[in-house]
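Asker: The file below is upload-v5.cif, mmCIF, C-alpha atoms:
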data_run
loop_
_atom_site.group_PDB
_atom_site.id
_atom_site.type_symbol
_atom_site.label_atom_id
_atom_site.label_comp_id
_atom_site.auth_asym_id
_atom_site.auth_seq_id
_atom_site.Cartn_x
_atom_site.Cartn_y
_atom_site.Cartn_z
ATOM 1 C CA MET A 1 126.575 103.535 90.173
ATOM 2 C CA GLU A 2 125.538 104.909 93.548
ATOM 3 C CA TYR A 3 121.879 104.238 94.323
ATOM 4 C CA LEU A 4 120.210 106.568 96.824
ATOM 5 C CA ASP A 5 116.780 105.665 98.213
ATOM 6 C CA VAL A 6 116.448 108.833 100.225
ATOM 7 C CA SER A 7 114.119 111.387 101.819
ATOM 8 C CA LEU A 8 114.432 115.062 100.957
ATOM 9 C CA GLU A 9 115.948 115.801 104.367
ATOM 10 C CA LYS A 10 118.813 113.374 103.774
ATOM 11 C CA LEU A 11 119.471 114.241 100.137
ATOM 12 C CA ASN A 12 122.774 116.012 99.661
ATOM 13 C CA ILE A 13 125.169 115.511 96.745
ATOM 14 C CA GLN A 14 128.222 117.734 96.505
ATOM 15 C CA ASP A 15 129.546 116.383 93.197
ATOM 16 C CA GLU A 16 128.967 118.559 90.158
ATOM 17 C CA LEU A 17 126.150 116.972 88.184
ATOM 18 C CA PHE A 18 124.642 116.743 84.737
ATOM 19 C CA LEU A 19 121.070 115.761 85.652
ATOM 20 C CA THR A 20 117.915 114.443 84.090
ATOM 21 C CA ILE A 21 114.596 113.969 85.906
ATOM 22 C CA GLY A 22 112.088 111.168 85.405
ATOM 23 C CA ASN A 23 110.896 107.821 86.683
ATOM 24 C CA PHE A 24 112.673 105.717 84.032
ATOM 25 C CA ASP A 25 110.317 102.868 84.950
ATOM 26 C CA GLY A 26 110.469 100.973 81.691
ATOM 27 C CA VAL A 27 113.968 101.967 80.610
ATOM 28 C CA HIS A 28 113.346 102.229 76.867
ATOM 29 C CA LYS A 29 115.221 103.257 73.737
ATOM 30 C CA GLY A 30 114.068 106.858 74.057
ATOM 31 C CA HIS A 31 115.620 106.955 77.508
ATOM 32 C CA ASN A 32 118.761 105.362 76.088
ATOM 33 C CA ASP A 33 119.302 108.274 73.685
ATOM 34 C CA ILE A 34 118.824 110.796 76.516
ATOM 35 C CA LEU A 35 121.228 108.944 78.791
ATOM 36 C CA ASN A 36 123.867 108.489 76.093
ATOM 37 C CA ASN A 37 123.744 112.243 75.467
ATOM 38 C CA LEU A 38 123.906 112.951 79.202
ATOM 39 C CA ARG A 39 126.839 110.595 79.731
ATOM 40 C CA SER A 40 128.812 111.807 76.706
ATOM 41 C CA LYS A 41 128.574 115.485 77.637
ATOM 42 C CA ALA A 42 129.232 114.839 81.326
ATOM 43 C CA LYS A 43 132.383 112.921 80.450
ATOM 44 C CA SER A 44 133.695 115.729 78.255
ATOM 45 C CA SER A 45 133.071 118.196 81.120
ATOM 46 C CA ASN A 46 134.495 115.830 83.767
ATOM 47 C CA VAL A 47 131.331 115.848 85.916
ATOM 48 C CA LYS A 48 129.026 113.122 87.247
ATOM 49 C CA THR A 49 125.745 111.955 85.715
ATOM 50 C CA ALA A 50 122.576 111.694 87.777
ATOM 51 C CA ILE A 51 118.925 110.723 87.432
ATOM 52 C CA LEU A 52 116.418 112.222 89.862
ATOM 53 C CA SER A 53 113.559 109.736 90.176
ATOM 54 C CA PHE A 54 110.750 109.188 92.676
ATOM 55 C CA ASN A 55 109.728 106.309 94.936
ATOM 56 C CA PRO A 56 106.959 105.327 94.768
ATOM 57 C CA HIS A 57 106.089 106.304 91.203
ATOM 58 C CA PRO A 58 103.758 109.365 91.448
ATOM 59 C CA LYS A 59 100.955 107.567 89.585
ATOM 60 C CA VAL A 60 101.182 104.689 92.034
ATOM 61 C CA TYR A 61 101.134 107.160 94.940
ATOM 62 C CA PHE A 62 98.153 109.208 93.763
ATOM 63 C CA ASN A 63 96.028 106.374 92.376
ATOM 64 C CA ASN A 64 97.132 103.474 94.594
ATOM 65 C CA LYS A 65 97.773 101.553 91.380
ATOM 66 C CA LYS A 66 98.843 97.933 91.434
ATOM 67 C CA ASN A 67 100.393 96.116 88.483
ATOM 68 C CA PHE A 68 101.697 99.378 87.026
ATOM 69 C CA LEU A 69 105.481 99.201 86.720
ATOM 70 C CA ILE A 70 107.292 97.763 83.698
ATOM 71 C CA ASN A 71 110.530 97.004 85.531
ATOM 72 C CA SER A 72 111.112 96.103 89.146
ATOM 73 C CA ARG A 73 113.339 98.494 91.046
ATOM 74 C CA ASP A 74 116.186 95.951 91.022
ATOM 75 C CA LYS A 75 115.960 95.571 87.263
ATOM 76 C CA LYS A 76 115.870 99.335 86.718
ATOM 77 C CA ILE A 77 118.967 99.719 88.874
ATOM 78 C CA SER A 78 120.726 96.926 86.964
ATOM 79 C CA ILE A 79 119.988 98.493 83.567
ATOM 80 C CA LEU A 80 121.121 101.959 84.641
ATOM 81 C CA GLN A 81 124.322 100.496 86.094
ATOM 82 C CA LYS A 82 125.064 98.943 82.698
ATOM 83 C CA LEU A 83 124.460 102.360 81.103
ATOM 84 C CA LYS A 84 127.171 103.752 83.430
ATOM 85 C CA ILE A 85 125.060 106.355 85.220
ATOM 86 C CA ASP A 86 126.852 107.673 88.325
ATOM 87 C CA TYR A 87 123.852 108.423 90.565
ATOM 88 C CA LEU A 88 120.295 107.129 90.638
ATOM 89 C CA ILE A 89 118.372 109.168 93.219
ATOM 90 C CA ASP A 90 115.036 107.664 94.264
ATOM 91 C CA LEU A 91 113.556 110.587 96.172
ATOM 92 C CA LYS A 92 110.815 109.627 98.636
ATOM 93 C CA PHE A 93 107.507 110.714 97.102
ATOM 94 C CA ASP A 94 105.205 111.694 99.946
ATOM 95 C CA GLN A 95 102.588 114.245 100.930
ATOM 96 C CA ASN A 96 105.169 116.952 101.601
ATOM 97 C CA LEU A 97 106.578 116.592 98.109
ATOM 98 C CA THR A 98 103.124 116.696 96.496
ATOM 99 C CA LYS A 99 102.381 120.038 98.202
ATOM 100 C CA MET A 100 105.538 121.730 96.941
ATOM 101 C CA SER A 101 104.996 124.526 94.451
ATOM 102 C CA PHE A 102 107.292 124.448 91.447
ATOM 103 C CA GLN A 103 109.262 127.320 93.003
ATOM 104 C CA GLU A 104 109.739 125.327 96.220
ATOM 105 C CA PHE A 105 110.789 122.270 94.188
ATOM 106 C CA GLU A 106 113.411 124.393 92.439
ATOM 107 C CA GLN A 107 114.760 125.945 95.630
ATOM 108 C CA SER A 108 114.485 123.023 98.070
ATOM 109 C CA ILE A 109 115.699 120.282 95.732
ATOM 110 C CA LEU A 110 117.438 121.509 92.602
ATOM 111 C CA LEU A 111 119.374 124.367 94.211
ATOM 112 C CA GLU A 112 119.842 123.386 97.867
ATOM 113 C CA LYS A 113 120.336 119.635 97.626
ATOM 114 C CA LEU A 114 122.110 119.118 94.297
ATOM 115 C CA ASN A 115 125.108 120.729 92.663
ATOM 116 C CA ILE A 116 123.669 120.923 89.148
ATOM 117 C CA LYS A 117 125.659 122.271 86.212
ATOM 118 C CA LYS A 118 123.334 121.149 83.411
ATOM 119 C CA ILE A 119 119.819 119.694 83.148
ATOM 120 C CA PHE A 120 118.595 117.518 80.254
ATOM 121 C CA LEU A 121 114.802 117.357 79.854
ATOM 122 C CA GLY A 122 112.083 116.737 77.286
ATOM 123 C CA LYS A 123 109.668 119.509 76.341
ATOM 124 C CA ASP A 124 106.729 117.791 78.078
ATOM 125 C CA PHE A 125 108.403 117.896 81.517
ATOM 126 C CA ARG A 126 106.173 119.127 84.370
ATOM 127 C CA TYR A 127 106.925 119.528 88.070
ATOM 128 C CA GLY A 128 105.610 120.949 91.325
ATOM 129 C CA ASN A 129 102.115 121.064 92.806
ATOM 130 C CA GLN A 130 99.416 120.695 90.121
ATOM 131 C CA ARG A 131 102.278 120.306 87.621
ATOM 132 C CA LYS A 132 102.476 124.072 87.173
ATOM 133 C CA GLY A 133 106.217 124.056 86.538
ATOM 134 C CA ASN A 134 107.367 123.464 82.963
ATOM 135 C CA LEU A 135 110.343 123.958 80.710
ATOM 136 C CA ASP A 136 109.774 127.729 80.550
ATOM 137 C CA THR A 137 109.738 128.160 84.342
ATOM 138 C CA LEU A 138 112.777 125.915 84.634
ATOM 139 C CA LYS A 139 114.591 127.980 82.004
ATOM 140 C CA SER A 140 114.071 131.075 84.156
ATOM 141 C CA LEU A 141 115.618 129.270 87.126
ATOM 142 C CA CYS A 142 118.564 128.056 85.066
ATOM 143 C CA ASP A 143 119.221 131.513 83.601
ATOM 144 C CA SER A 144 119.326 133.043 87.075
ATOM 145 C CA SER A 145 121.374 130.238 88.653
ATOM 146 C CA ASN A 146 124.111 129.665 86.071
ATOM 147 C CA ILE A 147 122.736 126.234 85.132
ATOM 148 C CA ASN A 148 122.634 125.085 81.531
ATOM 149 C CA LEU A 149 119.383 123.610 80.233
ATOM 150 C CA GLU A 150 119.224 121.315 77.210
ATOM 151 C CA GLU A 151 115.870 120.374 75.717
ATOM 152 C CA ILE A 152 115.827 116.768 74.547
ATOM 153 C CA GLU A 153 113.945 115.780 71.418
ATOM 154 C CA LEU A 154 111.546 112.946 72.143
ATOM 155 C CA ILE A 155 112.488 109.788 70.255
ATOM 156 C CA LYS A 156 109.848 108.291 67.948
ATOM 157 C CA ASP A 157 109.023 104.671 67.249
ATOM 158 C CA ARG A 158 110.183 103.991 63.675
ATOM 159 C CA ASN A 159 107.140 101.811 63.007
ATOM 160 C CA SER A 160 104.408 104.184 64.169
ATOM 161 C CA GLU A 161 106.069 107.626 64.293
ATOM 162 C CA GLU A 162 104.659 107.978 67.816
ATOM 163 C CA LYS A 163 106.979 109.019 70.627
ATOM 164 C CA ILE A 164 108.439 106.148 72.601
ATOM 165 C CA SER A 165 106.982 106.277 76.097
ATOM 166 C CA SER A 166 106.465 104.045 79.107
ATOM 167 C CA SER A 167 102.701 104.548 78.686
ATOM 168 C CA LYS A 168 102.829 103.134 75.177
ATOM 169 C CA ILE A 169 104.880 100.144 76.338
ATOM 170 C CA ARG A 170 102.419 99.463 79.178
ATOM 171 C CA ASN A 171 99.575 99.450 76.666
ATOM 172 C CA LEU A 172 101.416 96.993 74.428
ATOM 173 C CA LEU A 173 102.146 94.649 77.323
ATOM 174 C CA GLN A 174 98.564 94.771 78.598
ATOM 175 C CA ASN A 175 97.429 93.705 75.142
ATOM 176 C CA GLY A 176 99.907 90.834 74.928
ATOM 177 C CA LYS A 177 102.017 92.490 72.232
ATOM 178 C CA ILE A 178 105.256 91.323 73.789
ATOM 179 C CA GLU A 179 107.399 91.546 70.669
ATOM 180 C CA ASN A 180 106.300 95.133 70.008
ATOM 181 C CA ALA A 181 106.993 96.149 73.599
ATOM 182 C CA ASN A 182 110.395 94.434 73.594
ATOM 183 C CA SER A 183 111.358 96.288 70.423
ATOM 184 C CA LEU A 184 111.104 99.557 72.394
ATOM 185 C CA LEU A 185 112.749 98.393 75.626
ATOM 186 C CA ILE A 186 116.482 98.290 76.297
ATOM 187 C CA GLU A 187 116.027 94.896 77.986
ATOM 188 C CA LYS A 188 113.140 92.546 77.245
ATOM 189 C CA PHE A 189 110.154 92.435 79.576
ATOM 190 C CA SER A 190 110.659 89.954 82.399
ATOM 191 C CA ILE A 191 109.361 88.729 85.727
ATOM 192 C CA SER A 192 111.663 87.712 88.567
ATOM 193 C CA GLY A 193 110.831 85.736 91.658
ATOM 194 C CA ARG A 194 111.441 82.716 93.834
ATOM 195 C CA VAL A 195 110.311 79.299 92.643
ATOM 196 C CA ILE A 196 107.458 78.097 94.845
ATOM 197 C CA GLU A 197 105.937 74.678 95.270
ATOM 198 C CA GLY A 198 102.788 74.048 93.269
ATOM 199 C CA ASP A 199 100.514 71.031 93.177
ATOM 200 C CA LYS A 200 103.189 69.151 91.158
ATOM 201 C CA ARG A 201 100.602 68.023 88.619
ATOM 202 C CA GLY A 202 102.984 68.928 85.783
ATOM 203 C CA ARG A 203 105.407 66.203 86.876
ATOM 204 C CA THR A 204 102.719 63.561 86.686
ATOM 205 C CA ILE A 205 101.978 64.403 83.045
ATOM 206 C CA GLY A 206 105.627 64.810 81.974
ATOM 207 C CA ILE A 207 105.639 68.621 81.958
ATOM 208 C CA PRO A 208 107.296 69.723 85.232
ATOM 209 C CA THR A 209 107.092 73.453 85.817
ATOM 210 C CA ALA A 210 108.802 76.097 87.930
ATOM 211 C CA ASN A 211 106.053 78.198 89.503
ATOM 212 C CA LEU A 212 106.240 81.894 90.408
ATOM 213 C CA GLU A 213 103.776 84.287 91.941
ATOM 214 C CA TYR A 214 103.158 87.253 89.617
ATOM 215 C CA PRO A 215 104.392 90.436 91.359
ATOM 216 C CA ASN A 216 101.698 92.896 92.470
ATOM 217 C CA ASP A 217 103.658 95.926 91.263
ATOM 218 C CA ILE A 218 104.474 94.790 87.706
ATOM 219 C CA ILE A 219 102.167 95.449 84.751
ATOM 220 C CA LYS A 220 99.952 92.424 84.167
ATOM 221 C CA ILE A 221 100.133 90.743 80.786
ATOM 222 C CA PRO A 222 97.111 88.764 79.501
ATOM 223 C CA TYR A 223 96.567 85.205 80.619
ATOM 224 C CA GLY A 224 98.072 82.865 78.069
ATOM 225 C CA VAL A 225 101.088 80.888 76.888
ATOM 226 C CA TYR A 226 104.382 82.576 75.985
ATOM 227 C CA SER A 227 107.775 81.651 74.600
ATOM 228 C CA ALA A 228 110.497 82.656 77.032
ATOM 229 C CA GLN A 229 114.038 82.418 78.290
ATOM 230 C CA ILE A 230 114.524 81.423 81.912
ATOM 231 C CA LYS A 231 117.616 82.713 83.707
ATOM 232 C CA ILE A 232 118.825 80.599 86.628
ATOM 233 C CA LEU A 233 121.948 81.998 88.291
ATOM 234 C CA ASP A 234 124.151 82.821 85.278
ATOM 235 C CA GLN A 235 122.642 80.195 82.979
ATOM 236 C CA ILE A 236 120.090 80.930 80.251
ATOM 237 C CA HIS A 237 117.526 78.261 79.402
ATOM 238 C CA HIS A 238 114.575 78.216 76.997
ATOM 239 C CA GLY A 239 110.984 77.252 77.548
ATOM 240 C CA ILE A 240 107.309 78.082 77.499
ATOM 241 C CA VAL A 241 105.390 79.900 80.205
ATOM 242 C CA ASN A 242 101.741 79.685 81.095
ATOM 243 C CA PHE A 243 100.310 82.596 83.052
ATOM 244 C CA GLY A 244 96.748 82.290 84.251
ATOM 245 C CA MET A 245 94.082 80.590 86.322
ATOM 246 C CA ARG A 246 94.554 77.050 84.911
ATOM 247 C CA PRO A 247 90.843 76.614 84.088
ATOM 248 C CA THR A 248 91.259 72.971 83.054
ATOM 249 C CA PHE A 249 91.912 72.217 86.729
ATOM 250 C CA ASN A 250 89.342 74.721 88.102
ATOM 251 C CA LYS A 251 91.931 76.776 89.990
ATOM 252 C CA GLN A 252 90.926 80.028 91.716
ATOM 253 C CA THR A 253 94.256 81.883 91.784
ATOM 254 C CA SER A 254 96.625 82.861 89.000
ATOM 255 C CA VAL A 255 100.199 81.611 88.791
ATOM 256 C CA LEU A 256 103.087 81.783 86.354
ATOM 257 C CA GLU A 257 104.333 78.306 85.335
ATOM 258 C CA ALA A 258 107.566 77.906 83.377
ATOM 259 C CA TYR A 259 108.362 74.653 81.580
ATOM 260 C CA ILE A 260 112.096 74.610 80.823
ATOM 261 C CA PHE A 261 113.196 72.564 77.821
ATOM 262 C CA ASP A 262 115.551 69.646 78.554
ATOM 263 C CA PHE A 263 115.923 70.556 82.220
ATOM 264 C CA GLU A 264 115.540 68.218 85.204
ATOM 265 C CA GLU A 265 117.183 70.016 88.151
ATOM 266 C CA ASP A 266 115.350 70.774 91.389
ATOM 267 C CA ILE A 267 115.176 74.576 91.663
ATOM 268 C CA TYR A 268 112.573 75.017 94.411
ATOM 269 C CA GLY A 269 113.514 78.094 96.443
ATOM 270 C CA ASN A 270 115.796 79.494 93.729
ATOM 271 C CA ASP A 271 115.398 82.991 92.354
ATOM 272 C CA ILE A 272 114.855 82.987 88.595
ATOM 273 C CA GLU A 273 114.035 85.506 85.877
ATOM 274 C CA VAL A 274 111.510 84.725 83.145
ATOM 275 C CA VAL A 275 112.157 86.809 80.015
ATOM 276 C CA PHE A 276 109.150 86.963 77.687
ATOM 277 C CA PHE A 277 109.656 86.768 73.914
ATOM 278 C CA SER A 278 106.228 86.298 72.320
ATOM 279 C CA LYS A 279 102.647 85.348 73.064
ATOM 280 C CA ILE A 280 101.686 81.979 71.580
ATOM 281 C CA ARG A 281 97.990 81.838 72.471
ATOM 282 C CA ASP A 282 95.339 82.836 75.007
ATOM 283 C CA GLU A 283 94.625 80.691 78.036
ATOM 284 C CA GLN A 284 91.867 78.189 77.412
ATOM 285 C CA LYS A 285 90.030 75.337 79.135
ATOM 286 C CA PHE A 286 90.508 71.799 77.814
ATOM 287 C CA ASN A 287 88.388 68.696 78.117
ATOM 288 C CA GLY A 288 90.852 66.682 80.144
ATOM 289 C CA ILE A 289 94.582 65.937 80.361
ATOM 290 C CA LYS A 290 94.879 64.290 76.944
ATOM 291 C CA GLU A 291 93.592 67.353 75.102
ATOM 292 C CA LEU A 292 95.752 69.648 77.244
ATOM 293 C CA LEU A 293 98.912 67.629 76.531
ATOM 294 C CA LYS A 294 98.219 67.700 72.805
ATOM 295 C CA GLN A 295 98.026 71.499 72.887
ATOM 296 C CA ILE A 296 101.125 71.843 75.069
ATOM 297 C CA THR A 297 103.067 69.762 72.529
ATOM 298 C CA LEU A 298 101.989 72.198 69.809
ATOM 299 C CA ASP A 299 102.912 75.173 72.029
ATOM 300 C CA ILE A 300 106.393 73.745 72.600
ATOM 301 C CA THR A 301 106.901 73.314 68.851
ATOM 302 C CA VAL A 302 105.872 76.920 68.208
ATOM 303 C CA ALA A 303 108.094 78.242 71.000
ATOM 304 C CA LYS A 304 111.145 76.245 69.887
ATOM 305 C CA LYS A 305 110.771 77.588 66.373
ATOM 306 C CA PHE A 306 110.417 81.174 67.575
ATOM 307 C CA LEU A 307 113.367 80.861 69.977
ATOM 308 C CA ASN A 308 115.424 78.986 67.360
ATOM 309 C CA TYR A 309 115.964 76.293 69.968
ATOM 310 C CA GLY A 310 117.782 73.146 68.915
ATOM 311 C CA ASN A 311 118.992 74.517 65.573
#
Have the structure of the file written as structure tokens, please.
Answerer:
Amino acid sequence: MEYLDVSLEKLNIQDELFLTIGNFDGVHKGHNDILNNLRSKAKSSNVKTAILSFNPHPKVYFNNKKNFLINSRDKKISILQKLKIDYLIDLKFDQNLTKMSFQEFEQSILLEKLNIKKIFLGKDFRYGNQRKGNLDTLKSLCDSSNINLEEIELIKDRNSEEKISSSKIRNLLQNGKIENANSLLIEKFSISGRVIEGDKRGRTIGIPTANLEYPNDIIKIPYGVYSAQIKILDQIHHGIVNFGMRPTFNKQTSVLEAYIFDFEEDIYGNDIEVVFFSKIRDEQKFNGIKELLKQITLDITVAKKFLNYGN
């Protein structure tokens, strides 16, 4: 896949394209159906597939939102590579783009910068200043420009009959419903980062942890304890993760602490990925180390059972 992080002035793709437009932040199973359809029809027509996305996400740009994204950019790129998309275009989202009317968006981007043969979009698609462009206005453009337009049916969650959306997944994650969110995502929710040095208290009580700072751009899950897989290089390990303020020790800043089962290597400075499977409990304050250790032992038992570890 060719990834283009590009301004409008530098955007120029000559290849014939089957295109879809969207942020594809949390690449979910609804997206998967759209992209499978896009890829299948592009292959039969011998053209390239492309996603037109925006950087930063428009909601981040307009509202200066932190902790909003479901996937980091690197993870989104990785997933879309696995789905065999030819181009991911991250178009710079700036003031000039926000002022474009839908007609200017059509002319300056869709017609002048891209060689589009077919567009795949859902019926709720909006574009241009004040979101005045819609599927009807786009159909007029396509009819006059010899571009095919295919309306995509929005995929519904089998459990709730609601459409699968990134907004719904964000809501699930913010409420600690990790399993529900993962059931809608192509790849489970995860946090990646470099292992930093903590106060090393975990080692003194027999529970050494790998500590990460929680990224400012990723949706924040509730403070608590979670079952997880921890990916180090190409190896997958299992463990529990505490995310929170560590009230038992009167800490003032939050941190993500991963305890990896049956693991004793020094990984300070390594990049790791923590993949969340389920929430075990909320964060709570204990009356001393002994009470904390007793609860951690219970948490480990719950996590091992959920992860089917050691069986």
Asker: Could you name the residues that touch Val195 in chain A at 7 Å or less, counting all atoms listed in the file, but leaving out those on the same chain fewer than 6 positions away, as a PyMOL selection string?
Answerer: chain A and resi 210-212+267-271
Asker: Given the selection you just returned, output its residues as a file containing C-alpha atoms, formatted as a compact mmCIF listing (two decimals), in the frame of the given file.
Answerer:
# COMPACT_ATOMS: atom_id res chain seq x y z
CA ALA A 210 108.80 76.10 87.93
CA ASN A 211 106.05 78.20 89.50
CA LEU A 212 106.24 81.89 90.41
CA ILE A 267 115.18 74.58 91.66
CA TYR A 268 112.57 75.02 94.41
CA GLY A 269 113.51 78.09 96.44
CA ASN A 270 115.80 79.49 93.73
CA ASP A 271 115.40 82.99 92.35
Asker: Between A:Ser101, A:Ser278, A:Gln284, A:Ser78, which one has atoms that come closest to Thr137 in chain A, using only C-alpha atoms?
Answerer: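 Selected residue with least distance to Thr137 in chain A: A:Ser101.
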Asker: Residues picked by the PyMOL selection byres ((chain A and resi 131) around 12) here, as a ChimeraX atom specification?
Answerer: /A:58,97-103,105,124-130,132-135,137
Asker: Using all atoms listed in the file, pick whichever of A:Phe286, A:Tyr3, A:Phe261, A:Tyr226 has the shortest atom-to-atom distance to Val302 in chain A.
Answerer: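 Smallest distance to Val302 in chain A is found for A:Tyr226.
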Asker: Determine the residue membership of the PyMOL selection byres ((chain A and resi 277) around 7) for the file above and supply it as a PyMOL selection string.
Answerer: chain A and resi 178-179+227-228+275-276+278
Asker: Leaving out Lys29 in chain A and any residue of its chain fewer than 3 positions from it, which residues lie within 10 Å of it when counting all atoms listed in the file, given as a short mmCIF file (atom, residue, chain, number, x, y, z; two decimals) with C-alpha atoms, in the frame of the given file?
Answerer:
data_model
loop_
_atom_site.label_atom_id
_atom_site.label_comp_id
_atom_site.auth_asym_id
_atom_site.auth_seq_id
_atom_site.Cartn_x
_atom_site.Cartn_y
_atom_site.Cartn_z
CA GLY A 26 110.47 100.97 81.69
CA ASN A 32 118.76 105.36 76.09
CA ASP A 33 119.30 108.27 73.68
CA ILE A 34 118.82 110.80 76.52
CA LEU A 35 121.23 108.94 78.79
CA ILE A 155 112.49 109.79 70.26
CA LYS A 156 109.85 108.29 67.95
CA ASP A 157 109.02 104.67 67.25
CA ILE A 164 108.44 106.15 72.60
CA SER A 165 106.98 106.28 76.10
CA SER A 183 111.36 96.29 70.42
CA LEU A 184 111.10 99.56 72.39
CA LEU A 185 112.75 98.39 75.63
CA ILE A 186 116.48 98.29 76.30
CA GLU A 187 116.03 94.90 77.99
#
Asker: Can you give me, as a PyMOL selection string, the residues this file yields under the PyMOL selection byres ((chain A and resi 282) around 8)?
Answerer: chain A and resi 222-225+279-281+283-284
Asker: Write a file of the selected residues as an mmCIF file, keeping the file's coordinate frame, keeping C-alpha atoms.
Answerer:
data_model
loop_
_atom_site.group_PDB
_atom_site.id
_atom_site.type_symbol
_atom_site.label_atom_id
_atom_site.label_comp_id
_atom_site.auth_asym_id
_atom_site.auth_seq_id
_atom_site.Cartn_x
_atom_site.Cartn_y
_atom_site.Cartn_z
ATOM 1 C CA PRO A 222 97.111 88.764 79.501
ATOM 2 C CA TYR A 223 96.567 85.205 80.619
ATOM 3 C CA GLY A 224 98.072 82.865 78.069
ATOM 4 C CA VAL A 225 101.088 80.888 76.888
ATOM 5 C CA LYS A 279 102.647 85.348 73.064
ATOM 6 C CA ILE A 280 101.686 81.979 71.580
ATOM 7 C CA ARG A 281 97.990 81.838 72.471
ATOM 8 C CA GLU A 283 94.625 80.691 78.036
ATOM 9 C CA GLN A 284 91.867 78.189 77.412
#
Asker: Would you mind reading off the distance between CA of Asn216 in chain A and CA of Ala258 in chain A, one decimal, in Å?
Answerer: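 CA of Ala258 in chain A lies 18.5 Å from CA of Asn216 in chain A.
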